[in-house]
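Colleague: Can you keep this structure in mind? I'll have questions shortly.
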Amino acid sequence: MKVGPSGLGEVEVWYLPNAESLNHTVKGIGGLAVVGDVLLANDNASGELLRFDMTSSTGTPTVVPHNALGNLTINDQGDGIHLPAKYNGTVLLIAQNMAGLSVLRSSDGWLTAEFLGVIPMPESVGNGVVTAAVQVGESVYANIEYFFDTPVAPPNNAGNRTAFPLVDVTAELDALLV
């Protein structure tokens with residue numbers, strides 16, 4: 001959806017996938033990130049990274065080619081994506097729930113990307129899943145969420161979780177960027 005720069009007026013459809021081929025039981029776009037006039041989106045259905053020109057009157061996705069083999073970059077568990085400010089919009093992190101963070105880099109404004117690898121989560125997070133990455137200061141963290149904890153009474157309440165860790169992945173990320 002699109003709203004004018006003033007934030008007032010009508011809300012318009014900017015991008016809508018082909019209505020005839022939509023399957024509401026299949027995950028679609030998992031996250032959005034912006035650098036300049038470029039909107040990036042991870043498409044869980046196709047396993048592709050999509051690029052949109054936000055200055056266009058309608059959203060038309062183009063696939064950002066990358067060198068990952070198979071579906072290593074984005075799987076159907078892709079969640080939030082993040083462009084840490086410390087890398088000036090050239091590094092993209094894709095939260096891959098059970099896998100960790102996929103790391104991509106671009107030197108041409110996200111016309112193409114280089115898949116650098118996956119930062120796995122340590123065993124200490126147990127059954128937690130990575131839902132997002134965030135930069136705090138000069139460090140980058142993976143946000144861990146626990147969806148599989150056993151509910152506590154009354155029925156169907158949240159689990160008995162007392163810790164929600166942010167895992168510092170700065171060293172692993174910097175090692176991939178060398």
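Numbering starts fresh at 1 for the residues of each chain in the structure tokens, the chains themselves are lettered A, B, ... in the order given, and ligands are numbered from 1 as they appear.
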When DSSP works through the backbone of this structure, what residues of range 54-131 of chain A end up as strand (DSSP E or B), shown as a PyMOL selection string?

Modeller: chain A and resi 62-63+81-82+91-95+97+101-105+114-119+129-131

Colleague: Write out as a list of chain:residue names all residues of range 61-175 of chain A that backbone DSSP assigns to helix (DSSP H, G or I).

Modeller: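 Of range 61-175 of chain A, the ones in helix (DSSP H, G or I) are A:Ala85, A:Lys86, A:Tyr87, A:Glu123, A:Ser124, A:Val125, A:Thr170, A:Ala171, A:Glu172, A:Leu173, A:Asp174, A:Ala175.
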
Colleague: Considering only C-alpha atoms, can you say which of A:Thr90, A:Asn18, A:Thr25, A:Ser102 comes closest to Thr60 in chain A?

Modeller: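 Smallest separation from Thr60 in chain A among the options: A:Asn18.
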
Colleague: Do a neighbour search on Gly31 in chain A at 10 Å with only C-alpha atoms, toss out local chain neighbours closer than 2 positions, and write the hits as a list of chain:residue names.

Modeller: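 Using only C-alpha atoms, the neighbours found are A:Gly28, A:Ile29, A:Ala33, A:Leu40, A:Ala41, A:Asn42, A:Asp43, A:Asn44, A:Gly78, A:Asp79, A:Gly80, A:Ile81, A:His82, A:Ile94, A:Ala95, A:Thr131, A:Ala132.
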
Colleague: For Ile144 in chain A, work out the shell of residues within 9 Å, counting only C-alpha atoms and skipping chain neighbours fewer than 5 positions away, then give it as a PDB file with N, CA and C atoms, in the first residue's frame.

Modeller:
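To be explicit, this is the file written out as around-v5.pdb:
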```pdb
ATOM      1  N   ASN A  97      14.727 -18.124  10.861  1.00  0.00           N
ATOM      2  CA  ASN A  97      14.128 -18.896  11.946  1.00  0.00           C
ATOM      3  C   ASN A  97      15.067 -19.952  12.516  1.00  0.00           C
ATOM      4  N   VAL A 125      20.753 -21.233  22.585  1.00  0.00           N
ATOM      5  CA  VAL A 125      19.414 -20.672  22.403  1.00  0.00           C
ATOM      6  C   VAL A 125      18.353 -21.767  22.409  1.00  0.00           C
ATOM      7  N   GLY A 128      14.858 -21.836  20.461  1.00  0.00           N
ATOM      8  CA  GLY A 128      14.515 -20.492  20.016  1.00  0.00           C
ATOM      9  C   GLY A 128      14.740 -20.338  18.530  1.00  0.00           C
ATOM     10  N   VAL A 129      14.010 -19.422  17.928  1.00  0.00           N
ATOM     11  CA  VAL A 129      14.156 -19.151  16.504  1.00  0.00           C
ATOM     12  C   VAL A 129      14.566 -17.698  16.305  1.00  0.00           C
ATOM     13  N   VAL A 130      15.307 -17.449  15.231  1.00  0.00           N
ATOM     14  CA  VAL A 130      15.748 -16.101  14.894  1.00  0.00           C
ATOM     15  C   VAL A 130      14.625 -15.418  14.120  1.00  0.00           C
ATOM     16  N   THR A 131      14.148 -14.301  14.654  1.00  0.00           N
ATOM     17  CA  THR A 131      13.068 -13.581  13.979  1.00  0.00           C
ATOM     18  C   THR A 131      13.515 -12.263  13.372  1.00  0.00           C
ATOM     19  N   ALA A 132      14.667 -11.751  13.814  1.00  0.00           N
ATOM     20  CA  ALA A 132      15.123 -10.454  13.312  1.00  0.00           C
ATOM     21  C   ALA A 132      16.575 -10.240  13.702  1.00  0.00           C
ATOM     22  N   PHE A 164      14.902 -13.775  27.094  1.00  0.00           N
ATOM     23  CA  PHE A 164      14.726 -13.566  25.658  1.00  0.00           C
ATOM     24  C   PHE A 164      16.017 -12.947  25.133  1.00  0.00           C
ATOM     25  N   PRO A 165      16.983 -13.796  24.794  1.00  0.00           N
ATOM     26  CA  PRO A 165      18.319 -13.272  24.490  1.00  0.00           C
ATOM     27  C   PRO A 165      18.424 -12.564  23.143  1.00  0.00           C
ATOM     28  N   LEU A 166      19.308 -11.592  23.124  1.00  0.00           N
ATOM     29  CA  LEU A 166      19.807 -11.016  21.890  1.00  0.00           C
ATOM     30  C   LEU A 166      21.211 -11.583  21.755  1.00  0.00           C
ATOM     31  N   VAL A 167      21.470 -12.304  20.674  1.00  0.00           N
ATOM     32  CA  VAL A 167      22.763 -12.952  20.480  1.00  0.00           C
ATOM     33  C   VAL A 167      23.658 -12.026  19.664  1.00  0.00           C
TER      34      VAL A 167
END
```

Colleague: Give me, please, the distance in Å between CA of Gly59 in chain A and CA of Trp14 in chain A, quoted to one decimal.

Modeller: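 Taking CA of Gly59 in chain A as the start and CA of Trp14 in chain A as the end point, the length is 5.2 Å.
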
Colleague: Identify, on the basis of only C-alpha atoms, every residue whose closest approach to Val134 in chain A does not exceed 8 Å; exclude the query and any residue fewer than 5 positions from it along the same chain; express the result as a list in words.

Modeller: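 Result of the neighbour search: His82, Pro84, Val140, Tyr141, Ala142 and Asn143 of chain A.
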
Colleague: Got time to write the residues from that selection, N, CA and C atoms, as an mmCIF file, in the first residue's frame?

Modeller:
```
data_model
loop_
_atom_site.group_PDB
_atom_site.id
_atom_site.type_symbol
_atom_site.label_atom_id
_atom_site.label_comp_id
_atom_site.auth_asym_id
_atom_site.auth_seq_id
_atom_site.Cartn_x
_atom_site.Cartn_y
_atom_site.Cartn_z
ATOM 1 N N HIS A 82 17.293 -7.008 7.633
ATOM 2 C CA HIS A 82 17.853 -5.792 8.210
ATOM 3 C C HIS A 82 19.112 -5.391 7.454
ATOM 4 N N PRO A 84 22.096 -3.344 8.466
ATOM 5 C CA PRO A 84 22.747 -2.620 9.568
ATOM 6 C C PRO A 84 23.399 -1.329 9.071
ATOM 7 N N VAL A 140 25.900 -5.953 16.217
ATOM 8 C CA VAL A 140 24.716 -6.493 15.548
ATOM 9 C C VAL A 140 24.260 -7.718 16.327
ATOM 10 N N TYR A 141 22.960 -7.789 16.574
ATOM 11 C CA TYR A 141 22.389 -8.858 17.383
ATOM 12 C C TYR A 141 21.293 -9.600 16.620
ATOM 13 N N ALA A 142 21.153 -10.891 16.923
ATOM 14 C CA ALA A 142 20.033 -11.697 16.438
ATOM 15 C C ALA A 142 19.001 -11.759 17.558
ATOM 16 N N ASN A 143 17.765 -11.472 17.231
ATOM 17 C CA ASN A 143 16.670 -11.557 18.191
ATOM 18 C C ASN A 143 16.147 -12.993 18.212
#
```

Colleague: Figure out the distance between CA of Phe52 in chain A and CA of Glu20 in chain A, please, to one decimal in Å.

Modeller: 21.4 Å

Colleague: Mind pulling up the distance from CA of Val169 in chain A to CA of Gly137 in chain A?

Modeller: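 Separating CA of Gly137 in chain A from CA of Val169 in chain A is a distance of 13.1 Å.
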
Colleague: Could you tell me which of A:Thr170, A:Ser6, A:Thr55, A:Ser124 comes closest to Val103 in chain A if we count only C-alpha atoms?

Modeller: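 Ranking A:Thr170, A:Ser6, A:Thr55, A:Ser124 by distance to Val103 in chain A, first place goes to A:Thr170.
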
Colleague: Under the rule that only C-alpha atoms are counted, which of A:Ala85, A:Glu123, A:His66, A:Thr150 is the nearest residue to Ala99 in chain A?

Modeller: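 Closest to Ala99 in chain A, using only C-alpha atoms: A:Glu123.
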
Colleague: If we count only C-alpha atoms and set the cut-off at 9 Å, which residues sit around Asp53 in chain A, ignoring sequence neighbours fewer than 4 positions away in its own chain? Please answer as a ChimeraX atom specification.

Modeller: /A:37-39,58-61

Colleague: Can I get the selection written as a PDB file, in the first residue's frame, with N, CA, C and O atoms?

Modeller:
```
ATOM      1  N   ASP A  37      16.190   4.826  -2.372  1.00  0.00           N
ATOM      2  CA  ASP A  37      14.886   4.612  -3.007  1.00  0.00           C
ATOM      3  C   ASP A  37      14.635   3.149  -3.333  1.00  0.00           C
ATOM      4  O   ASP A  37      13.741   2.829  -4.107  1.00  0.00           O
ATOM      5  N   VAL A  38      15.430   2.263  -2.744  1.00  0.00           N
ATOM      6  CA  VAL A  38      15.317   0.831  -3.007  1.00  0.00           C
ATOM      7  C   VAL A  38      14.654   0.145  -1.817  1.00  0.00           C
ATOM      8  O   VAL A  38      15.077   0.308  -0.672  1.00  0.00           O
ATOM      9  N   LEU A  39      13.620  -0.632  -2.112  1.00  0.00           N
ATOM     10  CA  LEU A  39      12.948  -1.461  -1.112  1.00  0.00           C
ATOM     11  C   LEU A  39      13.322  -2.909  -1.409  1.00  0.00           C
ATOM     12  O   LEU A  39      13.137  -3.384  -2.535  1.00  0.00           O
ATOM     13  N   THR A  58       3.971   2.302  -9.430  1.00  0.00           N
ATOM     14  CA  THR A  58       3.505   0.995  -8.958  1.00  0.00           C
ATOM     15  C   THR A  58       4.720   0.147  -8.598  1.00  0.00           C
ATOM     16  O   THR A  58       5.803   0.312  -9.166  1.00  0.00           O
ATOM     17  N   GLY A  59       4.522  -0.739  -7.671  1.00  0.00           N
ATOM     18  CA  GLY A  59       5.607  -1.619  -7.245  1.00  0.00           C
ATOM     19  C   GLY A  59       5.776  -2.782  -8.197  1.00  0.00           C
ATOM     20  O   GLY A  59       4.853  -3.579  -8.378  1.00  0.00           O
ATOM     21  N   THR A  60       6.937  -2.854  -8.819  1.00  0.00           N
ATOM     22  CA  THR A  60       7.239  -3.951  -9.736  1.00  0.00           C
ATOM     23  C   THR A  60       8.511  -4.627  -9.245  1.00  0.00           C
ATOM     24  O   THR A  60       9.585  -4.025  -9.281  1.00  0.00           O
ATOM     25  N   PRO A  61       8.404  -5.868  -8.750  1.00  0.00           N
ATOM     26  CA  PRO A  61       9.597  -6.515  -8.216  1.00  0.00           C
ATOM     27  C   PRO A  61      10.528  -7.013  -9.314  1.00  0.00           C
ATOM     28  O   PRO A  61      10.085  -7.450 -10.372  1.00  0.00           O
TER      29      PRO A  61
END
```

Colleague: Which residue, A:Met98, A:Ala153, A:Val91, A:Leu50, has the smallest gap to Val63 in chain A when you use only C-alpha atoms?

Modeller: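 Between A:Met98, A:Ala153, A:Val91, A:Leu50, the residue approaching Val63 in chain A most closely is A:Leu50.
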
Colleague: In terms of the shortest atom-to-atom distance over only C-alpha atoms, which of A:Gly9, A:Gln96, A:Val35, A:Lys86 is closest to Gln135 in chain A?

Modeller: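 When distances to Gln135 in chain A are compared using only C-alpha atoms, the smallest one comes from A:Lys86.
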
Colleague: With distances taken over only C-alpha atoms, which residue among A:Gly126, A:Gly117, A:Pro65, A:Gly30 lies nearest Arg51 in chain A?

Modeller: A:Pro65
